[in-house]
Amino acid sequence: LRYEVGRGHAASFSALRMIEVFCAEAIMAYRMSDGGATAGWFQALDDKRIGEVIAKIHEEPGAGHSVASLASVCAMSPSRFAARFREVMGQSVMSYVSQWRMNVACRTLRDSSIGLAELANRVGYDDVAAFSRAFKAEVGKSPALWRKECIQA
């Protein structure tokens, strides 16, 4: 990598692939050092069923997700699914859904001028007030203030 960058090819195919390999090696080293037992993203990547559910949540943040509907995605009973999700991710499934929705909302507020009513609907809220309360609880600021601060930054 030093050679490629030294030749002025920091964005070359070879340099970019080497960075990917270094990142993959760092992840593997981390996983080996903790015995692979840490709940979260790394463990979820190893769990096919939970990985399917996370993909569904990411693809459709505004869908009417529930424990039962997400359990059906991976063909598990709701109670077993909820327990497995918590075991793998270290948080409840609906907490994760809420966090992901607010992540999408933050990016959308930063990158577009979409109105709050439309944004609320896109991330699964029928009511702007409910969306604003959930946003403030998760992010610590109202959506309007968050957008204003992003634009000024």
# chains A, B, ... in the order shown; residues from 1 in each chain; ligands from 1
>>> select_by_dssp(residues="segment 83-114 of chain A", states="alpha helix (DSSP H)", output="MDAnalysis selection string")
chainID A and resid 83:89 93:111
>>> residues_around(residues="Leu1 of chain A", least_positions_apart="6", cutoff="8 Å", atoms="only C-alpha atoms", output="ChimeraX atom specification")
/A:15,18-19
>>> closest_residue(among="A:Ser113, A:Val128, A:Ala137, A:Ala105", to="Gly62 of chain A", atoms="only C-alpha atoms")
A:Ala105
>>> residues_around(residues="segment 36-51 of chain A", least_positions_apart="2", cutoff="9 Å", atoms="only C-alpha atoms", output="list in words")
Ile27, Tyr30, Arg31, Met32, Ser33, Asp34, Val53, Ile54, Ala55, Lys56, Val73, Cys74, Ala75, Met76, Phe81, Arg84, Phe85, Arg86, Glu87, Val88, Met89, Gly90 and Gln91 of chain A
